[in-house]
$ cat data17.cif   # mmCIF, C-alpha atoms
data_input
loop_
_atom_site.group_PDB
_atom_site.id
_atom_site.type_symbol
_atom_site.label_atom_id
_atom_site.label_comp_id
_atom_site.auth_asym_id
_atom_site.auth_seq_id
_atom_site.Cartn_x
_atom_site.Cartn_y
_atom_site.Cartn_z
ATOM 1 C CA MET A 29 64.559 2.197 40.927
ATOM 2 C CA THR A 30 62.130 0.543 38.514
ATOM 3 C CA GLU A 31 61.990 -3.253 38.683
ATOM 4 C CA PHE A 32 61.123 -5.436 35.689
ATOM 5 C CA TYR A 33 60.356 -9.128 36.109
ATOM 6 C CA PHE A 34 60.331 -10.730 32.656
ATOM 7 C CA VAL A 35 58.469 -14.036 32.440
ATOM 8 C CA ARG A 36 58.609 -16.224 29.362
ATOM 9 C CA HIS A 37 55.277 -17.877 28.551
ATOM 10 C CA GLY A 38 54.620 -21.572 29.185
ATOM 11 C CA LYS A 39 55.452 -24.221 26.620
ATOM 12 C CA THR A 40 53.272 -24.380 23.523
ATOM 13 C CA PHE A 41 52.485 -27.102 20.995
ATOM 14 C CA ALA A 42 54.775 -25.319 18.525
ATOM 15 C CA ASN A 43 57.601 -25.270 21.096
ATOM 16 C CA GLN A 44 57.240 -29.015 21.498
ATOM 17 C CA GLN A 45 57.342 -29.530 17.722
ATOM 18 C CA GLY A 46 60.403 -27.331 17.188
ATOM 19 C CA LEU A 47 58.584 -24.717 15.115
ATOM 20 C CA LYS A 48 59.369 -21.040 14.907
ATOM 21 C CA GLN A 49 56.363 -19.282 16.426
ATOM 22 C CA GLY A 50 57.188 -15.645 15.920
ATOM 23 C CA THR A 51 53.972 -13.641 15.999
ATOM 24 C CA ILE A 52 51.669 -16.521 14.999
ATOM 25 C CA ASN A 53 48.576 -16.577 17.187
ATOM 26 C CA SER A 54 46.771 -19.837 16.389
ATOM 27 C CA ASP A 55 45.919 -23.111 18.137
ATOM 28 C CA ILE A 56 49.419 -24.475 17.569
ATOM 29 C CA THR A 57 50.949 -21.554 19.475
ATOM 30 C CA HIS A 58 48.612 -21.851 22.469
ATOM 31 C CA LEU A 59 49.784 -23.367 25.747
ATOM 32 C CA SER A 60 50.057 -27.137 25.713
ATOM 33 C CA ASP A 61 49.149 -29.226 28.753
ATOM 34 C CA ILE A 62 52.802 -29.025 29.776
ATOM 35 C CA GLY A 63 52.730 -25.247 29.361
ATOM 36 C CA LYS A 64 49.626 -24.946 31.507
ATOM 37 C CA GLN A 65 51.276 -27.049 34.214
ATOM 38 C CA GLN A 66 54.389 -24.861 34.025
ATOM 39 C CA ALA A 67 52.315 -21.687 34.390
ATOM 40 C CA LYS A 68 50.407 -23.109 37.349
ATOM 41 C CA HIS A 69 53.673 -24.200 38.975
ATOM 42 C CA LEU A 70 55.090 -20.701 38.565
ATOM 43 C CA HIS A 71 51.941 -19.222 40.105
ATOM 44 C CA ASP A 72 52.324 -21.543 43.097
ATOM 45 C CA ASN A 73 55.992 -20.679 43.610
ATOM 46 C CA PHE A 74 56.397 -17.055 42.495
ATOM 47 C CA ASP A 75 54.148 -14.679 44.418
ATOM 48 C CA ILE A 76 53.577 -11.587 42.267
ATOM 49 C CA SER A 77 51.427 -9.721 44.788
ATOM 50 C CA PHE A 78 54.310 -7.281 45.404
ATOM 51 C CA ALA A 79 54.026 -5.898 41.868
ATOM 52 C CA ASP A 80 52.026 -2.908 40.641
ATOM 53 C CA GLU A 81 50.895 -4.167 37.254
ATOM 54 C CA ILE A 82 51.328 -6.857 34.609
ATOM 55 C CA TYR A 83 52.281 -5.929 31.061
ATOM 56 C CA VAL A 84 51.781 -8.659 28.498
ATOM 57 C CA SER A 85 52.409 -9.359 24.846
ATOM 58 C CA PRO A 86 49.027 -9.500 23.077
ATOM 59 C CA LEU A 87 49.404 -13.129 21.933
ATOM 60 C CA GLN A 88 47.272 -15.872 23.449
ATOM 61 C CA ARG A 89 50.176 -17.858 24.906
ATOM 62 C CA THR A 90 51.324 -14.870 26.935
ATOM 63 C CA LEU A 91 47.813 -13.784 27.906
ATOM 64 C CA ASP A 92 47.032 -17.280 29.203
ATOM 65 C CA THR A 93 50.320 -17.450 31.122
ATOM 66 C CA ALA A 94 49.573 -14.060 32.685
ATOM 67 C CA ASP A 95 46.100 -15.235 33.710
ATOM 68 C CA TYR A 96 47.552 -18.278 35.462
ATOM 69 C CA LEU A 97 50.147 -16.139 37.196
ATOM 70 C CA ASN A 98 47.590 -13.539 38.255
ATOM 71 C CA ALA A 99 44.998 -15.997 39.610
ATOM 72 C CA GLY A 100 43.890 -14.905 43.060
ATOM 73 C CA VAL A 101 46.133 -11.814 42.892
ATOM 74 C CA GLY A 102 44.141 -9.532 40.631
ATOM 75 C CA LEU A 103 46.808 -7.164 39.364
ATOM 76 C CA PRO A 104 45.793 -4.918 36.462
ATOM 77 C CA ILE A 105 46.893 -6.355 33.119
ATOM 78 C CA GLU A 106 47.780 -4.227 30.099
ATOM 79 C CA LYS A 107 48.767 -5.399 26.633
ATOM 80 C CA ASP A 108 51.785 -3.832 24.934
ATOM 81 C CA GLU A 109 52.867 -4.752 21.413
ATOM 82 C CA ARG A 110 56.468 -3.855 22.198
ATOM 83 C CA LEU A 111 56.595 -7.098 24.204
ATOM 84 C CA LEU A 112 55.708 -9.207 21.145
ATOM 85 C CA GLU A 113 57.984 -12.007 20.022
ATOM 86 C CA ILE A 114 60.313 -11.335 17.122
ATOM 87 C CA SER A 115 58.538 -11.820 13.796
ATOM 88 C CA TYR A 116 60.426 -14.336 11.666
ATOM 89 C CA GLY A 117 58.527 -13.197 8.599
ATOM 90 C CA LYS A 118 58.121 -16.014 6.048
ATOM 91 C CA TRP A 119 59.755 -18.403 8.497
ATOM 92 C CA ASP A 120 57.029 -18.119 11.134
ATOM 93 C CA GLY A 121 55.525 -21.582 11.612
ATOM 94 C CA GLN A 122 58.382 -23.429 9.897
ATOM 95 C CA SER A 123 60.541 -26.186 11.373
ATOM 96 C CA ASN A 124 63.693 -24.829 12.973
ATOM 97 C CA ALA A 125 65.620 -28.014 12.075
ATOM 98 C CA GLU A 126 64.593 -27.806 8.411
ATOM 99 C CA LEU A 127 65.511 -24.139 8.223
ATOM 100 C CA MET A 128 68.935 -24.949 9.689
ATOM 101 C CA LYS A 129 69.504 -27.554 6.979
ATOM 102 C CA THR A 130 68.444 -25.187 4.212
ATOM 103 C CA TYR A 131 70.137 -22.009 5.480
ATOM 104 C CA PRO A 132 73.052 -23.134 7.710
ATOM 105 C CA GLU A 133 74.935 -19.897 7.041
ATOM 106 C CA VAL A 134 72.430 -17.848 9.075
ATOM 107 C CA PHE A 135 72.286 -20.153 12.111
ATOM 108 C CA ASP A 136 74.495 -20.312 15.182
ATOM 109 C CA ASP A 137 75.849 -23.861 15.533
ATOM 110 C CA GLU A 138 75.884 -23.794 19.314
ATOM 111 C CA LEU A 139 72.503 -22.164 19.971
ATOM 112 C CA LYS A 140 70.780 -23.788 16.962
ATOM 113 C CA ASP A 141 69.065 -20.495 16.284
ATOM 114 C CA VAL A 142 69.145 -17.645 13.806
ATOM 115 C CA LEU A 143 71.929 -15.123 13.494
ATOM 116 C CA PRO A 144 71.106 -11.451 12.816
ATOM 117 C CA SER A 145 71.844 -12.090 9.125
ATOM 118 C CA TYR A 146 68.688 -14.248 8.825
ATOM 119 C CA ALA A 147 66.358 -11.238 8.444
ATOM 120 C CA PRO A 148 66.747 -10.452 4.698
ATOM 121 C CA LEU A 149 66.232 -14.113 3.765
ATOM 122 C CA ALA A 150 63.042 -14.429 5.817
ATOM 123 C CA ASP A 151 61.729 -10.890 5.447
ATOM 124 C CA GLY A 152 61.779 -10.982 9.222
ATOM 125 C CA GLU A 153 62.157 -8.458 11.982
ATOM 126 C CA THR A 154 65.757 -7.550 12.745
ATOM 127 C CA PHE A 155 67.440 -8.074 16.095
ATOM 128 C CA GLU A 156 67.928 -4.314 16.302
ATOM 129 C CA GLN A 157 64.221 -3.619 15.827
ATOM 130 C CA VAL A 158 63.292 -5.881 18.731
ATOM 131 C CA TYR A 159 66.109 -4.429 20.844
ATOM 132 C CA ASN A 160 64.862 -0.897 20.186
ATOM 133 C CA ARG A 161 61.216 -1.559 21.010
ATOM 134 C CA VAL A 162 62.075 -3.389 24.245
ATOM 135 C CA LYS A 163 64.470 -0.589 25.206
ATOM 136 C CA GLU A 164 61.795 2.021 24.476
ATOM 137 C CA PHE A 165 59.280 0.125 26.616
ATOM 138 C CA MET A 166 61.605 -0.186 29.618
ATOM 139 C CA GLU A 167 62.790 3.407 29.503
ATOM 140 C CA GLU A 168 59.240 4.723 29.123
ATOM 141 C CA LYS A 169 57.965 2.739 32.118
ATOM 142 C CA ALA A 170 60.957 3.731 34.238
ATOM 143 C CA SER A 171 60.393 7.391 33.378
ATOM 144 C CA GLU A 172 56.693 7.208 34.225
ATOM 145 C CA ASN A 173 57.142 5.051 37.347
ATOM 146 C CA PRO A 174 60.570 5.519 38.966
ATOM 147 C CA ASP A 175 59.611 3.174 41.826
ATOM 148 C CA GLY A 176 57.419 0.798 39.805
ATOM 149 C CA LYS A 177 57.504 -2.980 40.048
ATOM 150 C CA PHE A 178 56.235 -4.689 36.897
ATOM 151 C CA ILE A 179 55.664 -8.234 35.703
ATOM 152 C CA LEU A 180 56.252 -8.575 31.934
ATOM 153 C CA VAL A 181 54.867 -11.762 30.392
ATOM 154 C CA SER A 182 56.617 -12.098 27.077
ATOM 155 C CA HIS A 183 58.652 -14.371 24.788
ATOM 156 C CA GLY A 184 62.055 -15.994 24.548
ATOM 157 C CA PHE A 185 63.658 -13.622 22.072
ATOM 158 C CA THR A 186 62.048 -10.605 23.708
ATOM 159 C CA VAL A 187 63.479 -11.490 27.121
ATOM 160 C CA LYS A 188 66.851 -12.125 25.478
ATOM 161 C CA SER A 189 66.567 -8.654 23.934
ATOM 162 C CA ALA A 190 65.883 -7.095 27.349
ATOM 163 C CA MET A 191 69.101 -8.686 28.566
ATOM 164 C CA LEU A 192 70.998 -7.332 25.557
ATOM 165 C CA VAL A 193 69.613 -3.876 26.351
ATOM 166 C CA ALA A 194 70.685 -4.105 29.986
ATOM 167 C CA LEU A 195 74.145 -5.405 29.084
ATOM 168 C CA LYS A 196 74.497 -3.081 26.069
ATOM 169 C CA GLN A 197 75.422 -6.079 23.900
ATOM 170 C CA LEU A 198 73.533 -5.563 20.664
ATOM 171 C CA ASP A 199 76.849 -6.033 18.853
ATOM 172 C CA ASP A 200 77.213 -9.531 20.380
ATOM 173 C CA PRO A 201 73.652 -10.915 20.504
ATOM 174 C CA MET A 202 74.545 -14.605 20.466
ATOM 175 C CA SER A 203 76.277 -14.242 23.838
ATOM 176 C CA VAL A 204 72.833 -14.340 25.494
ATOM 177 C CA ILE A 205 70.663 -17.436 25.157
ATOM 178 C CA GLU A 206 66.880 -17.438 25.033
ATOM 179 C CA PRO A 207 65.482 -18.253 28.496
ATOM 180 C CA ASP A 208 63.419 -21.322 29.360
ATOM 181 C CA ASN A 209 59.625 -21.408 29.408
ATOM 182 C CA THR A 210 58.163 -19.796 32.572
ATOM 183 C CA SER A 211 61.585 -18.636 33.738
ATOM 184 C CA VAL A 212 61.896 -15.245 35.445
ATOM 185 C CA THR A 213 64.491 -12.561 34.668
ATOM 186 C CA LYS A 214 64.848 -9.510 36.902
ATOM 187 C CA ILE A 215 66.273 -6.248 35.544
ATOM 188 C CA ARG A 216 66.307 -2.900 37.346
ATOM 189 C CA LEU A 217 66.655 0.559 35.831
ATOM 190 C CA LYS A 218 67.498 3.896 37.429
ATOM 191 C CA ASN A 219 68.833 7.041 35.771
ATOM 192 C CA ASP A 220 69.759 5.159 32.575
ATOM 193 C CA GLN A 221 71.728 2.566 34.549
ATOM 194 C CA TYR A 222 70.613 -1.041 34.195
ATOM 195 C CA TYR A 223 71.190 -3.770 36.770
ATOM 196 C CA VAL A 224 70.637 -7.478 36.111
ATOM 197 C CA ASP A 225 69.699 -9.263 39.320
ATOM 198 C CA TYR A 226 69.120 -12.662 37.738
ATOM 199 C CA PHE A 227 68.379 -14.305 34.400
ATOM 200 C CA ASN A 228 66.428 -17.448 33.458
ATOM 201 C CA ARG A 229 65.534 -18.325 37.058
ATOM 202 C CA MET A 230 63.230 -21.317 37.436
ATOM 203 C CA TYR A 231 60.850 -21.595 40.387
#
$ encode --input "data17.cif" --output "structure tokens"
Amino acid sequence: MTEFYFVRHGKTFANQQGLKQGTINSDITHLSDIGKQQAKHLHDNFDISFADEIYVSPLQRTLDTADYLNAGVGLPIEKDERLLEISYGKWDGQSNAELMKTYPEVFDDELKDVLPSYAPLADGETFEQVYNRVKEFMEEKASENPDGKFILVSHGFTVKSAMLVALKQLDDPMSVIEPDNTSVTKIRLKNDQYYVDYFNRMY
């Protein structure tokens, strides 16, 4: 049984300003003081020494969160682009509230976030593309390490996508919310069977 512990990065300046970050990797998408405090709090309350390795999205906000989490533990860390956030294309860096006003037809009223139909308007990555790369990552690691225990430091939409993979709900993606900053989601995989132990757990 392979165990995956998905951690969403700490809060960033862009999070606090309500901007779509996507794959932007600039000062505005780095951890804010709040995000650094969140990451330190998670380190103090979630002991990752049981794990074999950390896999991390190659963006600075996830790398910094992983470093906080790994302080004093010293697990090997490996970057994997399949753990990247969804790319919102032309909408990366734009105000979510302004986009909702301009394109209300491609936003979910309850979640205040994009529907799958947003992608052609923004030239963005599709929900299915993210779903497929996260699925490929999990199945590859489970095949290589049937008893592995991995920490995955990633992003809100990416963790949501892992849940959609586990629940086989690509056809109903708005049924799963994006998790909170520095929350932990545990998913297990064995012989093509997924098990969700918990989602969006705060420590």
$ resolve_selection --input "data17.cif" --expression "the PyMOL selection byres ((chain A and resi 42) around 10)" --output "PyMOL selection string"
chain A and resi 39-41+43-49+52+54-60+121-123
$ closest_residue --input "data17.cif" --among "A:Lys163, A:Lys169, A:Lys64, A:Lys177" --to "A:Ala79" --atoms "all atoms listed in the file"
A:Lys177
$ residues_near_point --input "data17.cif" --point "(63.8, -4.4, 25.2)" --cutoff "10 Å" --atoms "only C-alpha atoms" --output "MDAnalysis selection string"
chainID A and resid 110:111 156:167 185:194
$ resolve_selection --input "data17.cif" --expression "the PyMOL selection byres ((chain A and resi 86) around 10)" --output "number ranges by chain"
A: 51, 53, 83-85, 87-91, 106-113, 181-182
$ residues_around --input "data17.cif" --residues "A:Val101" --least-positions-apart "2" --cutoff "8 Å" --atoms "only C-alpha atoms" --output "CSV table (one decimal) with C-alpha atoms, keeping the file's coordinate frame"
chain,number,residue,atom,x,y,z
A,76,ILE,CA,53.6,-11.6,42.3
A,77,SER,CA,51.4,-9.7,44.8
A,98,ASN,CA,47.6,-13.5,38.3
A,99,ALA,CA,45.0,-16.0,39.6
A,103,LEU,CA,46.8,-7.2,39.4
$ closest_residue --input "data17.cif" --among "A:Tyr33, A:Tyr96, A:Tyr146, A:Tyr226" --to "A:Gly117" --atoms "only C-alpha atoms"
A:Tyr146
$ resolve_selection --input "data17.cif" --expression "the PyMOL selection byres ((chain A and resi 36) around 9)" --output "NGL selection string"
:A and (34-35 or 37-38 or 90 or 93 or 180-184 or 186-187 or 207-213 or 228)
